[in-house]
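Heads up: the structure comes next, in structure tokens.
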Amino acid sequence: MDDLQESAFPELSFRQAESKKMGGPAAIARQHEAGRLTIRERIDKLVDADSFREVGALAGTGSYDANNRLVSVIPAPYVAGLAKIDGRPVALGGEDFTVRGGTTFGSTRRKGGQGGFIEDLAFHYRIPLVNLIDGAGGSVTSLKRRGHSVFPGVHGFERSVQLLGLVPVASAVLGTAAGGPAGRAILSHFSVMVNDTSQIFAAGPPVVKRSLGQVIDKNDLGGTKIAVDTAGTIHNAATSEEDAIEQIRRFLSYMPANVWELPPVEESLDPIDRCEAQLATIVPEKRTQAYNMQRLVRMVCDKDSCFDLQPSYGKSVMTTLARLGGRPVGIIANNPMVYGGAMDVHSARKQIHFMELCDTFHIPLVFFVDVPGFMVGLKAEQEGTLREGMRAVCVAGKLRVPTITLVIRKCYGMAGMATCNKNDVDLKLAWPSAEWGSLPVEGGVAAAFRKDIMSAPDPTAREREIEAELKPFASPFRTAEAFAVEDIIDPRQTRPVLCEFIALAEQRLRTEVGLKPRYGVQP
Amino acid sequence: MSEIEINSPVTGTVWKVERAVGDQLQQGDVIMILESMKMEIPVEAETAGTLEKIHVAPEDPVNEGQRLCVVRS
């Protein structure tokens with residue numbers, strides 16, 4: 001079959017073969033020595049076997065002999081096309097670092113990587129886009145070639161921005177990304193980078209040295225410790241390129257193809273009526289004792305269905321894509337092991353992104369609540385915790401997607417407000433260990449009864465006395481009597497209860513597919 | 001057989017060390033308890049194994065990410 005094709009169209013076959021050589025064996029060897037895969041190897045690992053339909057393989061720079069006959073072709077430094085991931089079509093592309101370090105080859109029509117063909121393909125067919133980023137971006141060399149300078153990003157980012165409200169966009173930073181590629185990595189719903197072999201920053205060490213006199217190694221400036229753990233610039237870290245690629249596949253498995261579809265439901269092999277006995281005792285009697293919320297969540301969700309977004313950033317909250325009865329859900333669970341679960345500027349930011357992501361792609365949200373309030377103290381105020389926290393409250397207040405609020409233990413203050421969606425049926429469920437209010441009885445008594453306490457012969461005893469008086473009124477069962485919480489459930493029943501409400505949510509979700517416009521200014 | 005470094009999830013203080021070097025641990029066993037933000041935070045064994053090393057003592061302040069102990073599994 002191939003022989004027939006080869007003899008029939010020799011120029012086509014030759015040019016296709018040239019394209020597959022990428023930057024040549026020496027450049028490919030250098031890429032491997034640096035612990036990195038080539039773009040074609042990455043695509044191979046990402047997509048279903050034999051599903052890659054490349055577009056633009058013939059783009060490049062041909063060299064011709066004196067008789068104008070083709071001698072060779074240097075391919076364009078970008079490989080792109082259509083493929084299937086888990087049987088579903090996606091658009092994908094990435095820089096070929098073996099060809100001139102992945103920088104542009106200067107044609108008027110870009111294949112991708114900055115408002116190019118592949119972004120248009122994702123847009124026009126309404127399919128997810130995967131960016132496999134391995135390029136340094138703009139270069140001053142194009143100034144000489146073009147003969148004039150142009151506005152930055154003039155035919156560039158507007159499509160990437162537009163895609164964020166239409167289709168899932170996932171980026172893997174697989175090299176050193178600065179400038180354009182760095183920006184593009186961030187214009188995504190999910191981003192991942194590799195420990196030690198990837199970096200991302202606004203500008204790299206040479207520019208930093210020139211501007212600030214600061215001498216710093218590229219990993220110290222923009223490796224995973226900074227970009228993922230400290231700043232949350234990139235969502236997840238990966239231990240290898242294979243891991244990064246697998247995380248992208250995993251992320252996409254919860255997402256619909258676009259906002260006009262519902263998230264894909266899988267057949268669940270995990271029985272819906274599975275009731276874990278441990279749930280009855282996982283919350284300690286002593287209120288100052290922390291417990292493992294991550295384990296709690298995993299006992300409730302479908303087995304092995306949990307995928308954490310930003311696990312190493314904003315750790316006082318956990319944001320996890322999971323399934324309940326085979327249906328994708330977004331779990332937002334406070335982590336009592338970190339600052340008692342208090343919301344700080346990082347966890348607020350992380351929660352905001354996750355809420356918008358799930359809202360946009362019609363993924364119902366479940367809050368597992370144990371939050372004492374915003375983080376307090378000087379550092380928290382300096383970081384602007386209050387403003388970012390109120391931004392989280394604001395975004396929660398605009399959610400259109402069905403939401404369940406399950407109070408495990410504490411639900412206090414404005415941070416507690418950020419776990420309730422009043423636009424929805426306002427379904428609040430609670431465990432018997434739950435407690436809520438504007439502020440806890442302990443701190444509240446000291447403030448509200450200050451005069452009374454200060455004038456008492458034994459102030460400490462008086463404070464305890466008033467606390468003991470008020471405590472019974474704080475019982476969640478009193479709230480349930482007043483129907484100010486919809487129900488208190490046996491913790492062991494959590495899975496079947498949540499599964500039932502999430503299954504019900506589909507009826508509602510089907511009526512709300514489409515664009516989710518956002519109005520108003522965030523605080 | 002692997003050595004697992006357990007690092008502190010928070011900045012706080014070591015409150016109680018519950019197990020000793022050489023102890024056999026089951027998954028989920030509490031090795032030590034930290035205190036942070038008035039909360040008692042248990043440090044648990046992620047997998048079954050032997051408690052090989054303890055790097056801290058009660059009342060030691062610890063920073064987020066600081067090495068606490070090593071479990072050999």
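Identifiers for the structure tokens are assigned positionally: chains receive A, B, ... in sequence, residues are indexed from 1 per chain, and ligands are indexed from 1 in the order shown.
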For region 43-47 of chain B, find every residue with an atom within 12 Å (counting only C-alpha atoms), except residues of its own chain fewer than 2 positions away, and show them as a PyMOL selection string. (chain A and resi 289-292+295+337-338) or (chain B and resi 1-10+14-19+23-35+40-41+49-52+67-73)
Produce a file of the selected residues containing C-alpha atoms, as a PDB file, in the first residue's frame.
ATOM      1  CA  GLN A 289      -8.320  17.965  66.797  1.00  0.00           C
ATOM      2  CA  ALA A 290      -7.758  17.969  63.053  1.00  0.00           C
ATOM      3  CA  TYR A 291      -8.656  14.979  60.881  1.00  0.00           C
ATOM      4  CA  ASN A 292      -7.961  13.848  57.336  1.00  0.00           C
ATOM      5  CA  ARG A 295      -9.565  10.593  53.254  1.00  0.00           C
ATOM      6  CA  MET A 337      -4.950  20.197  58.975  1.00  0.00           C
ATOM      7  CA  VAL A 338      -3.832  23.513  57.447  1.00  0.00           C
TER       8      VAL A 338
ATOM      9  CA  MET B   1      11.499  -1.158  49.919  1.00  0.00           C
ATOM     10  CA  SER B   2      11.542   2.610  49.997  1.00  0.00           C
ATOM     11  CA  GLU B   3      12.223   5.397  52.414  1.00  0.00           C
ATOM     12  CA  ILE B   4       9.437   7.908  52.741  1.00  0.00           C
ATOM     13  CA  GLU B   5      10.219  11.349  54.146  1.00  0.00           C
ATOM     14  CA  ILE B   6       7.254  12.787  55.989  1.00  0.00           C
ATOM     15  CA  ASN B   7       7.236  16.584  55.929  1.00  0.00           C
ATOM     16  CA  SER B   8       5.225  19.026  57.997  1.00  0.00           C
ATOM     17  CA  PRO B   9       1.978  20.178  56.351  1.00  0.00           C
ATOM     18  CA  VAL B  10       2.031  23.433  58.308  1.00  0.00           C
ATOM     19  CA  VAL B  14       5.586  19.620  67.732  1.00  0.00           C
ATOM     20  CA  TRP B  15       3.187  18.772  70.510  1.00  0.00           C
ATOM     21  CA  LYS B  16       3.451  15.016  71.147  1.00  0.00           C
ATOM     22  CA  VAL B  17       5.539  12.243  69.623  1.00  0.00           C
ATOM     23  CA  GLU B  18       3.378   9.126  69.856  1.00  0.00           C
ATOM     24  CA  ARG B  19       5.660   6.446  68.392  1.00  0.00           C
ATOM     25  CA  ASP B  23       7.949   0.779  65.735  1.00  0.00           C
ATOM     26  CA  GLN B  24       5.974  -1.107  63.106  1.00  0.00           C
ATOM     27  CA  LEU B  25       3.326   1.202  61.633  1.00  0.00           C
ATOM     28  CA  GLN B  26       0.058   0.482  59.859  1.00  0.00           C
ATOM     29  CA  GLN B  27      -1.259   2.869  57.253  1.00  0.00           C
ATOM     30  CA  GLY B  28      -2.970   5.745  59.048  1.00  0.00           C
ATOM     31  CA  ASP B  29      -1.175   5.307  62.392  1.00  0.00           C
ATOM     32  CA  VAL B  30      -0.495   8.616  64.108  1.00  0.00           C
ATOM     33  CA  ILE B  31       3.261   9.142  64.470  1.00  0.00           C
ATOM     34  CA  MET B  32       3.177  12.560  66.111  1.00  0.00           C
ATOM     35  CA  ILE B  33       0.822  15.462  66.724  1.00  0.00           C
ATOM     36  CA  LEU B  34       1.616  19.038  65.760  1.00  0.00           C
ATOM     37  CA  GLU B  35      -0.096  22.155  67.032  1.00  0.00           C
ATOM     38  CA  GLU B  40      -4.053  19.546  66.900  1.00  0.00           C
ATOM     39  CA  ILE B  41      -2.761  18.137  63.651  1.00  0.00           C
ATOM     40  CA  GLY B  49       6.271   0.303  57.439  1.00  0.00           C
ATOM     41  CA  THR B  50       8.892   0.809  60.114  1.00  0.00           C
ATOM     42  CA  LEU B  51       9.518   4.166  61.752  1.00  0.00           C
ATOM     43  CA  GLU B  52      13.141   4.680  60.841  1.00  0.00           C
ATOM     44  CA  ARG B  67      11.310  17.026  57.563  1.00  0.00           C
ATOM     45  CA  LEU B  68       9.614  15.351  60.502  1.00  0.00           C
ATOM     46  CA  CYS B  69      10.404  11.661  60.236  1.00  0.00           C
ATOM     47  CA  VAL B  70      11.239   8.796  57.895  1.00  0.00           C
ATOM     48  CA  VAL B  71       9.244   5.608  57.362  1.00  0.00           C
ATOM     49  CA  ARG B  72      10.817   2.619  55.663  1.00  0.00           C
ATOM     50  CA  SER B  73       8.251   0.491  53.830  1.00  0.00           C
TER      51      SER B  73
END
For a quick test of understanding: name the residues of chain A lying within 12 Å of chain B when counting only C-alpha atoms, and present them as a CSV table (one decimal) with N, CA and C atoms, in the first residue's frame.
chain,number,residue,atom,x,y,z
A,225,LYS,N,8.7,24.5,42.4
A,225,LYS,CA,8.6,25.0,43.8
A,225,LYS,C,8.1,26.4,43.8
A,229,ASP,N,4.0,25.5,43.7
A,229,ASP,CA,3.8,25.4,45.2
A,229,ASP,C,3.6,26.8,45.8
A,230,THR,N,4.4,27.8,45.4
A,230,THR,CA,4.4,29.1,46.0
A,230,THR,C,3.4,30.0,45.4
A,282,ILE,N,-14.8,9.6,61.9
A,282,ILE,CA,-13.6,10.3,61.4
A,282,ILE,C,-13.4,11.7,62.0
A,284,PRO,N,-13.1,13.9,65.0
A,284,PRO,CA,-12.9,13.7,66.5
A,284,PRO,C,-13.9,14.4,67.4
A,286,LYS,N,-13.1,15.9,70.1
A,286,LYS,CA,-12.4,17.2,70.5
A,286,LYS,C,-12.4,18.1,69.3
A,287,ARG,N,-12.9,19.3,69.4
A,287,ARG,CA,-13.0,20.2,68.3
A,287,ARG,C,-11.7,20.8,67.8
A,288,THR,N,-10.7,20.7,68.7
A,288,THR,CA,-9.4,21.3,68.3
A,288,THR,C,-8.5,20.2,67.6
A,289,GLN,N,-9.1,19.0,67.5
A,289,GLN,CA,-8.3,18.0,66.8
A,289,GLN,C,-8.6,18.0,65.3
A,290,ALA,N,-7.6,18.0,64.5
A,290,ALA,CA,-7.8,18.0,63.1
A,290,ALA,C,-7.9,16.5,62.6
A,291,TYR,N,-8.4,16.3,61.4
A,291,TYR,CA,-8.7,15.0,60.9
A,291,TYR,C,-8.4,15.1,59.4
A,292,ASN,N,-8.4,13.9,58.7
A,292,ASN,CA,-8.0,13.8,57.3
A,292,ASN,C,-9.2,14.0,56.4
A,293,MET,N,-9.4,15.2,56.0
A,293,MET,CA,-10.6,15.5,55.1
A,293,MET,C,-10.4,14.9,53.8
A,295,ARG,N,-9.1,12.0,53.1
A,295,ARG,CA,-9.6,10.6,53.3
A,295,ARG,C,-11.1,10.5,53.3
A,311,PRO,N,-2.9,20.7,44.3
A,311,PRO,CA,-2.8,20.1,45.6
A,311,PRO,C,-1.8,20.8,46.5
A,312,SER,N,-0.8,21.4,45.8
A,312,SER,CA,0.3,21.9,46.7
A,312,SER,C,0.2,23.4,46.9
A,313,TYR,N,-0.8,24.0,46.5
A,313,TYR,CA,-1.0,25.5,46.6
A,313,TYR,C,-2.3,25.8,47.3
A,314,GLY,N,-2.3,26.8,48.2
A,314,GLY,CA,-3.5,27.2,48.9
A,314,GLY,C,-4.1,26.0,49.6
A,315,LYS,N,-3.2,25.3,50.4
A,315,LYS,CA,-3.6,24.0,51.0
A,315,LYS,C,-4.6,24.0,52.0
A,316,SER,N,-5.1,25.2,52.5
A,316,SER,CA,-6.2,25.1,53.5
A,316,SER,C,-7.5,24.7,52.8
A,335,ASN,N,-9.5,22.0,54.5
A,335,ASN,CA,-8.6,21.1,55.1
A,335,ASN,C,-8.2,21.5,56.5
A,336,PRO,N,-8.8,20.9,57.5
A,336,PRO,CA,-8.6,21.3,58.9
A,336,PRO,C,-7.1,21.2,59.4
A,337,MET,N,-6.4,20.4,58.6
A,337,MET,CA,-5.0,20.2,59.0
A,337,MET,C,-4.1,21.4,58.6
A,338,VAL,N,-4.6,22.3,57.8
A,338,VAL,CA,-3.8,23.5,57.4
A,338,VAL,C,-4.5,24.8,57.9
A,339,TYR,N,-3.9,25.4,58.9
A,339,TYR,CA,-4.5,26.7,59.5
A,339,TYR,C,-6.0,26.4,60.0
A,340,GLY,N,-6.3,25.2,60.4
A,340,GLY,CA,-7.6,24.9,60.9
A,340,GLY,C,-8.6,25.0,59.7
A,341,GLY,N,-8.2,25.1,58.5
A,341,GLY,CA,-9.1,25.2,57.4
A,341,GLY,C,-9.4,26.6,57.0
A,342,ALA,N,-8.8,27.6,57.7
A,342,ALA,CA,-9.1,29.0,57.5
A,342,ALA,C,-8.7,29.4,56.0
A,372,PRO,N,-13.3,27.8,59.7
A,372,PRO,CA,-13.5,28.6,60.8
A,372,PRO,C,-13.7,30.1,60.4
A,375,MET,N,-8.5,33.7,57.3
A,375,MET,CA,-7.3,33.7,58.1
A,375,MET,C,-7.1,35.0,58.7
A,376,VAL,N,-6.6,35.1,60.0
A,376,VAL,CA,-6.4,36.4,60.7
A,376,VAL,C,-4.9,36.6,60.9
A,377,GLY,N,-4.7,37.9,61.4
A,377,GLY,CA,-3.3,38.2,61.7
A,377,GLY,C,-2.7,39.1,60.7
Determine the nearest neighbour of Val297 (chain A) from the options A:Ser7, A:Ser171, A:Thr281, A:Thr320, counting only C-alpha atoms.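 When distances to Val297 (chain A) are compared using only C-alpha atoms, the smallest one comes from A:Thr320.
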Give the helix (DSSP H, G or I) residues of region 124-333 of chain A, as DSSP finds them on the backbone, and put them as a compact mmCIF listing (two decimals) with N, CA and C atoms, in the first residue's frame.
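Result went into out-v4.txt, see below:
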# COMPACT_ATOMS: atom_id res chain seq x y z
N HIS A 124 -13.46 26.66 15.84
CA HIS A 124 -14.48 26.43 14.81
C HIS A 124 -15.18 25.09 14.93
N TYR A 125 -14.49 24.10 15.50
CA TYR A 125 -15.13 22.80 15.68
C TYR A 125 -15.62 22.58 17.11
N THR A 141 15.11 38.78 16.88
CA THR A 141 15.62 38.47 15.53
C THR A 141 14.55 38.70 14.47
N SER A 142 13.26 38.59 14.89
CA SER A 142 12.20 38.78 13.89
C SER A 142 12.14 40.23 13.43
N LEU A 143 12.70 41.12 14.22
CA LEU A 143 12.72 42.55 13.86
C LEU A 143 13.48 42.77 12.55
N LYS A 144 14.63 42.12 12.45
CA LYS A 144 15.47 42.30 11.26
C LYS A 144 14.80 41.65 10.05
N ARG A 145 14.25 40.45 10.30
CA ARG A 145 13.66 39.69 9.20
C ARG A 145 12.45 40.43 8.63
N ARG A 146 11.60 40.95 9.54
CA ARG A 146 10.37 41.58 9.08
C ARG A 146 10.63 42.98 8.54
N PHE A 157 -3.38 36.64 20.97
CA PHE A 157 -4.03 36.02 22.11
C PHE A 157 -5.55 36.10 22.14
N GLU A 158 -6.13 36.87 21.25
CA GLU A 158 -7.58 37.06 21.39
C GLU A 158 -8.34 35.75 21.23
N ARG A 159 -7.85 34.86 20.37
CA ARG A 159 -8.53 33.58 20.22
C ARG A 159 -8.33 32.72 21.47
N SER A 160 -7.12 32.74 22.03
CA SER A 160 -6.87 31.97 23.25
C SER A 160 -7.79 32.43 24.37
N VAL A 161 -7.98 33.74 24.46
CA VAL A 161 -8.87 34.29 25.49
C VAL A 161 -10.30 33.82 25.25
N GLN A 162 -10.71 33.90 23.98
CA GLN A 162 -12.07 33.51 23.62
C GLN A 162 -12.35 32.05 23.96
N LEU A 163 -11.38 31.19 23.70
CA LEU A 163 -11.57 29.76 23.92
C LEU A 163 -11.88 29.43 25.37
N GLY A 179 7.66 34.75 28.31
CA GLY A 179 6.96 35.56 27.32
C GLY A 179 5.70 34.88 26.83
N GLY A 180 5.53 34.90 25.49
CA GLY A 180 4.30 34.39 24.86
C GLY A 180 3.90 32.99 25.30
N PRO A 181 4.77 32.01 25.17
CA PRO A 181 4.40 30.65 25.60
C PRO A 181 4.00 30.59 27.08
N ALA A 182 4.66 31.39 27.91
CA ALA A 182 4.29 31.41 29.33
C ALA A 182 2.88 31.96 29.47
N GLY A 183 2.61 33.04 28.77
CA GLY A 183 1.27 33.63 28.81
C GLY A 183 0.22 32.65 28.33
N ARG A 184 0.56 31.95 27.27
CA ARG A 184 -0.40 31.01 26.71
C ARG A 184 -0.67 29.83 27.64
N ALA A 185 0.38 29.40 28.36
CA ALA A 185 0.21 28.30 29.31
C ALA A 185 -0.85 28.67 30.35
N ILE A 186 -0.86 29.95 30.71
CA ILE A 186 -1.77 30.40 31.75
C ILE A 186 -3.18 30.64 31.22
N PRO A 205 16.49 34.30 33.46
CA PRO A 205 17.66 34.85 34.17
C PRO A 205 18.41 35.97 33.43
N PRO A 206 18.63 35.89 32.11
CA PRO A 206 19.39 36.97 31.48
C PRO A 206 18.67 38.32 31.57
N VAL A 207 17.35 38.32 31.34
CA VAL A 207 16.61 39.58 31.40
C VAL A 207 16.53 40.08 32.84
N VAL A 208 16.37 39.12 33.79
CA VAL A 208 16.29 39.50 35.21
C VAL A 208 17.60 40.14 35.65
N LYS A 209 18.72 39.58 35.19
CA LYS A 209 20.03 40.14 35.55
C LYS A 209 20.17 41.54 34.98
N ARG A 210 19.72 41.71 33.75
CA ARG A 210 19.84 43.00 33.08
C ARG A 210 18.97 44.06 33.74
N SER A 211 17.74 43.65 34.14
CA SER A 211 16.81 44.65 34.70
C SER A 211 17.07 44.96 36.16
N LEU A 212 17.38 43.92 36.94
CA LEU A 212 17.43 44.12 38.38
C LEU A 212 18.79 43.84 38.99
N LYS A 218 17.58 29.36 36.72
CA LYS A 218 16.23 29.34 36.15
C LYS A 218 15.25 28.47 36.94
N ASN A 219 15.75 27.41 37.59
CA ASN A 219 14.84 26.60 38.40
C ASN A 219 14.43 27.31 39.68
N ASP A 220 15.36 28.06 40.25
CA ASP A 220 15.04 28.82 41.46
C ASP A 220 14.07 29.95 41.15
N LEU A 221 14.11 30.45 39.92
CA LEU A 221 13.24 31.56 39.53
C LEU A 221 11.84 31.07 39.14
N GLY A 222 11.82 29.95 38.39
CA GLY A 222 10.52 29.54 37.86
C GLY A 222 10.28 28.04 37.77
N THR A 224 9.04 24.25 39.59
CA THR A 224 7.75 23.90 40.21
C THR A 224 7.62 24.43 41.64
N LYS A 225 8.72 24.51 42.36
CA LYS A 225 8.62 25.00 43.75
C LYS A 225 8.05 26.41 43.81
N ILE A 226 8.46 27.23 42.84
CA ILE A 226 7.96 28.61 42.81
C ILE A 226 6.63 28.67 42.08
N ALA A 227 6.65 28.16 40.85
CA ALA A 227 5.48 28.37 39.98
C ALA A 227 4.26 27.59 40.42
N VAL A 228 4.44 26.40 40.98
CA VAL A 228 3.28 25.61 41.38
C VAL A 228 2.99 25.78 42.87
N ASP A 229 3.99 25.46 43.71
CA ASP A 229 3.76 25.43 45.16
C ASP A 229 3.57 26.81 45.77
N THR A 230 4.41 27.77 45.36
CA THR A 230 4.39 29.07 46.04
C THR A 230 3.37 30.03 45.41
N GLU A 241 7.48 13.89 32.08
CA GLU A 241 6.63 14.34 30.96
C GLU A 241 5.45 13.38 30.79
N GLU A 242 5.71 12.08 30.99
CA GLU A 242 4.63 11.10 30.87
C GLU A 242 3.54 11.40 31.89
N ASP A 243 3.95 11.74 33.11
CA ASP A 243 2.99 12.07 34.16
C ASP A 243 2.20 13.32 33.80
N ALA A 244 2.88 14.33 33.25
CA ALA A 244 2.19 15.57 32.86
C ALA A 244 1.14 15.27 31.80
N ILE A 245 1.51 14.46 30.83
CA ILE A 245 0.60 14.11 29.74
C ILE A 245 -0.58 13.31 30.28
N GLU A 246 -0.32 12.40 31.19
CA GLU A 246 -1.38 11.61 31.80
C GLU A 246 -2.35 12.50 32.58
N GLN A 247 -1.81 13.52 33.25
CA GLN A 247 -2.66 14.44 34.00
C GLN A 247 -3.58 15.21 33.08
N ILE A 248 -3.10 15.54 31.89
CA ILE A 248 -3.96 16.24 30.93
C ILE A 248 -5.09 15.32 30.47
N ARG A 249 -4.76 14.09 30.18
CA ARG A 249 -5.80 13.12 29.81
C ARG A 249 -6.82 13.00 30.94
N ARG A 250 -6.33 12.95 32.17
CA ARG A 250 -7.20 12.79 33.32
C ARG A 250 -8.13 14.00 33.45
N PHE A 251 -7.56 15.19 33.34
CA PHE A 251 -8.36 16.42 33.43
C PHE A 251 -9.48 16.40 32.39
N LEU A 252 -9.13 16.08 31.15
CA LEU A 252 -10.12 16.13 30.07
C LEU A 252 -11.23 15.11 30.27
N ALA A 277 -18.33 2.72 57.33
CA ALA A 277 -18.51 2.84 58.79
C ALA A 277 -17.59 3.89 59.39
N GLN A 278 -16.39 4.03 58.82
CA GLN A 278 -15.41 4.98 59.37
C GLN A 278 -15.89 6.42 59.36
N LEU A 279 -16.83 6.73 58.49
CA LEU A 279 -17.33 8.10 58.41
C LEU A 279 -18.00 8.52 59.72
N ALA A 280 -18.50 7.55 60.48
CA ALA A 280 -19.18 7.88 61.74
C ALA A 280 -18.21 8.39 62.80
N MET A 293 -9.42 15.25 56.00
CA MET A 293 -10.56 15.54 55.12
C MET A 293 -10.39 14.87 53.76
N GLN A 294 -9.16 14.75 53.30
CA GLN A 294 -8.93 14.12 52.00
C GLN A 294 -9.41 12.66 52.03
N ARG A 295 -9.12 11.99 53.13
CA ARG A 295 -9.57 10.59 53.25
C ARG A 295 -11.09 10.53 53.32
N LEU A 296 -11.68 11.49 54.01
CA LEU A 296 -13.14 11.55 54.13
C LEU A 296 -13.78 11.66 52.74
N VAL A 297 -13.27 12.60 51.96
CA VAL A 297 -13.82 12.82 50.61
C VAL A 297 -13.67 11.56 49.77
N ARG A 298 -12.53 10.92 49.86
CA ARG A 298 -12.31 9.73 49.04
C ARG A 298 -13.17 8.54 49.47
N MET A 299 -13.64 8.55 50.74
CA MET A 299 -14.55 7.47 51.17
C MET A 299 -15.93 7.66 50.55
N VAL A 300 -16.24 8.89 50.20
CA VAL A 300 -17.58 9.20 49.69
C VAL A 300 -17.66 9.10 48.17
From a DSSP pass on the backbone, collect the residues of region 416-471 of chain A flagged as strand (DSSP E or B) and hand them back as number ranges by chain. A: 427-430, 435-437
Could you save the residues just selected, with C-alpha atoms, as a PDB file, in the first residue's frame?
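Final file, selection_27.pdb:
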ATOM      1  CA  LEU A 427     -29.523  22.809  49.709  1.00  0.00           C
ATOM      2  CA  LYS A 428     -27.545  22.662  52.928  1.00  0.00           C
ATOM      3  CA  LEU A 429     -26.958  19.314  54.575  1.00  0.00           C
ATOM      4  CA  ALA A 430     -24.950  18.687  57.722  1.00  0.00           C
ATOM      5  CA  GLU A 435     -21.629  24.009  63.895  1.00  0.00           C
ATOM      6  CA  TRP A 436     -22.148  27.383  62.206  1.00  0.00           C
ATOM      7  CA  GLY A 437     -22.788  31.040  62.668  1.00  0.00           C
TER       8      GLY A 437
END
How many Å lie between CA of Pro459 (chain A) and CA of Leu378 (chain A), rounded to one decimal? 27.6 Å
If you count only C-alpha atoms, which residues fall within 12 Å of region 269-274 of chain A, apart from same-chain ones fewer than 5 positions away, as a ChimeraX atom specification? /A:279,299-305,323-327,491-503
Next, the residues of the selection above should be written as a compact mmCIF listing (two decimals), in the first residue's frame with N, CA and C atoms.
# COMPACT_ATOMS: atom_id res chain seq x y z
N LEU A 279 -16.83 6.73 58.49
CA LEU A 279 -17.33 8.10 58.41
C LEU A 279 -18.00 8.52 59.72
N MET A 299 -13.64 8.55 50.74
CA MET A 299 -14.55 7.47 51.17
C MET A 299 -15.93 7.66 50.55
N VAL A 300 -16.24 8.89 50.20
CA VAL A 300 -17.58 9.20 49.69
C VAL A 300 -17.66 9.10 48.17
N CYS A 301 -16.61 9.59 47.49
CA CYS A 301 -16.64 9.61 46.02
C CYS A 301 -16.39 8.23 45.44
N ASP A 302 -16.71 8.06 44.15
CA ASP A 302 -16.43 6.80 43.46
C ASP A 302 -14.95 6.46 43.66
N LYS A 303 -14.67 5.18 43.89
CA LYS A 303 -13.29 4.75 44.13
C LYS A 303 -12.38 5.19 43.00
N ASP A 304 -11.19 5.73 43.37
CA ASP A 304 -10.17 6.14 42.39
C ASP A 304 -10.65 7.19 41.41
N SER A 305 -11.69 7.94 41.78
CA SER A 305 -12.18 8.93 40.82
C SER A 305 -11.69 10.33 41.11
N ARG A 323 -15.96 11.77 40.76
CA ARG A 323 -17.24 11.28 40.26
C ARG A 323 -18.08 10.74 41.41
N LEU A 324 -19.39 10.95 41.27
CA LEU A 324 -20.35 10.35 42.20
C LEU A 324 -21.35 9.59 41.35
N GLY A 325 -21.36 8.28 41.48
CA GLY A 325 -22.24 7.48 40.62
C GLY A 325 -21.87 7.64 39.15
N GLY A 326 -20.58 7.83 38.88
CA GLY A 326 -20.13 7.97 37.50
C GLY A 326 -20.25 9.38 36.94
N ARG A 327 -20.86 10.30 37.68
CA ARG A 327 -21.07 11.66 37.17
C ARG A 327 -19.99 12.60 37.69
N PRO A 491 -23.52 10.42 58.93
CA PRO A 491 -22.35 10.53 58.04
C PRO A 491 -22.17 9.33 57.12
N ARG A 492 -22.54 8.15 57.59
CA ARG A 492 -22.35 6.96 56.76
C ARG A 492 -23.25 6.98 55.53
N GLN A 493 -24.31 7.78 55.56
CA GLN A 493 -25.25 7.87 54.44
C GLN A 493 -24.81 8.89 53.39
N THR A 494 -23.67 9.54 53.63
CA THR A 494 -23.28 10.66 52.77
C THR A 494 -23.22 10.29 51.29
N ARG A 495 -22.62 9.13 51.00
CA ARG A 495 -22.47 8.78 49.57
C ARG A 495 -23.81 8.59 48.87
N PRO A 496 -24.71 7.74 49.38
CA PRO A 496 -25.99 7.59 48.68
C PRO A 496 -26.79 8.89 48.59
N VAL A 497 -26.72 9.71 49.63
CA VAL A 497 -27.47 10.97 49.59
C VAL A 497 -26.93 11.89 48.49
N LEU A 498 -25.61 12.07 48.48
CA LEU A 498 -25.02 12.95 47.47
C LEU A 498 -25.25 12.39 46.07
N CYS A 499 -25.09 11.07 45.88
CA CYS A 499 -25.28 10.48 44.56
C CYS A 499 -26.68 10.76 44.05
N GLU A 500 -27.66 10.70 44.94
CA GLU A 500 -29.04 10.91 44.49
C GLU A 500 -29.25 12.35 44.02
N PHE A 501 -28.73 13.31 44.79
CA PHE A 501 -28.92 14.71 44.38
C PHE A 501 -28.13 15.05 43.13
N ILE A 502 -26.94 14.44 42.98
CA ILE A 502 -26.14 14.73 41.79
C ILE A 502 -26.81 14.14 40.55
N ALA A 503 -27.40 12.95 40.69
CA ALA A 503 -28.12 12.35 39.55
C ALA A 503 -29.29 13.26 39.15
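Taking CA of Ser19 (chain A) and CA of Arg40 (chain A) as endpoints, the distance between them is 10.7 Å.
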Would you mind telling me which residue in A:Lys451, A:His235, A:Arg400, A:Lys422 lies nearest to Lys350 (chain A) when using only C-alpha atoms?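 The closest residue to Lys350 (chain A) is A:His235.
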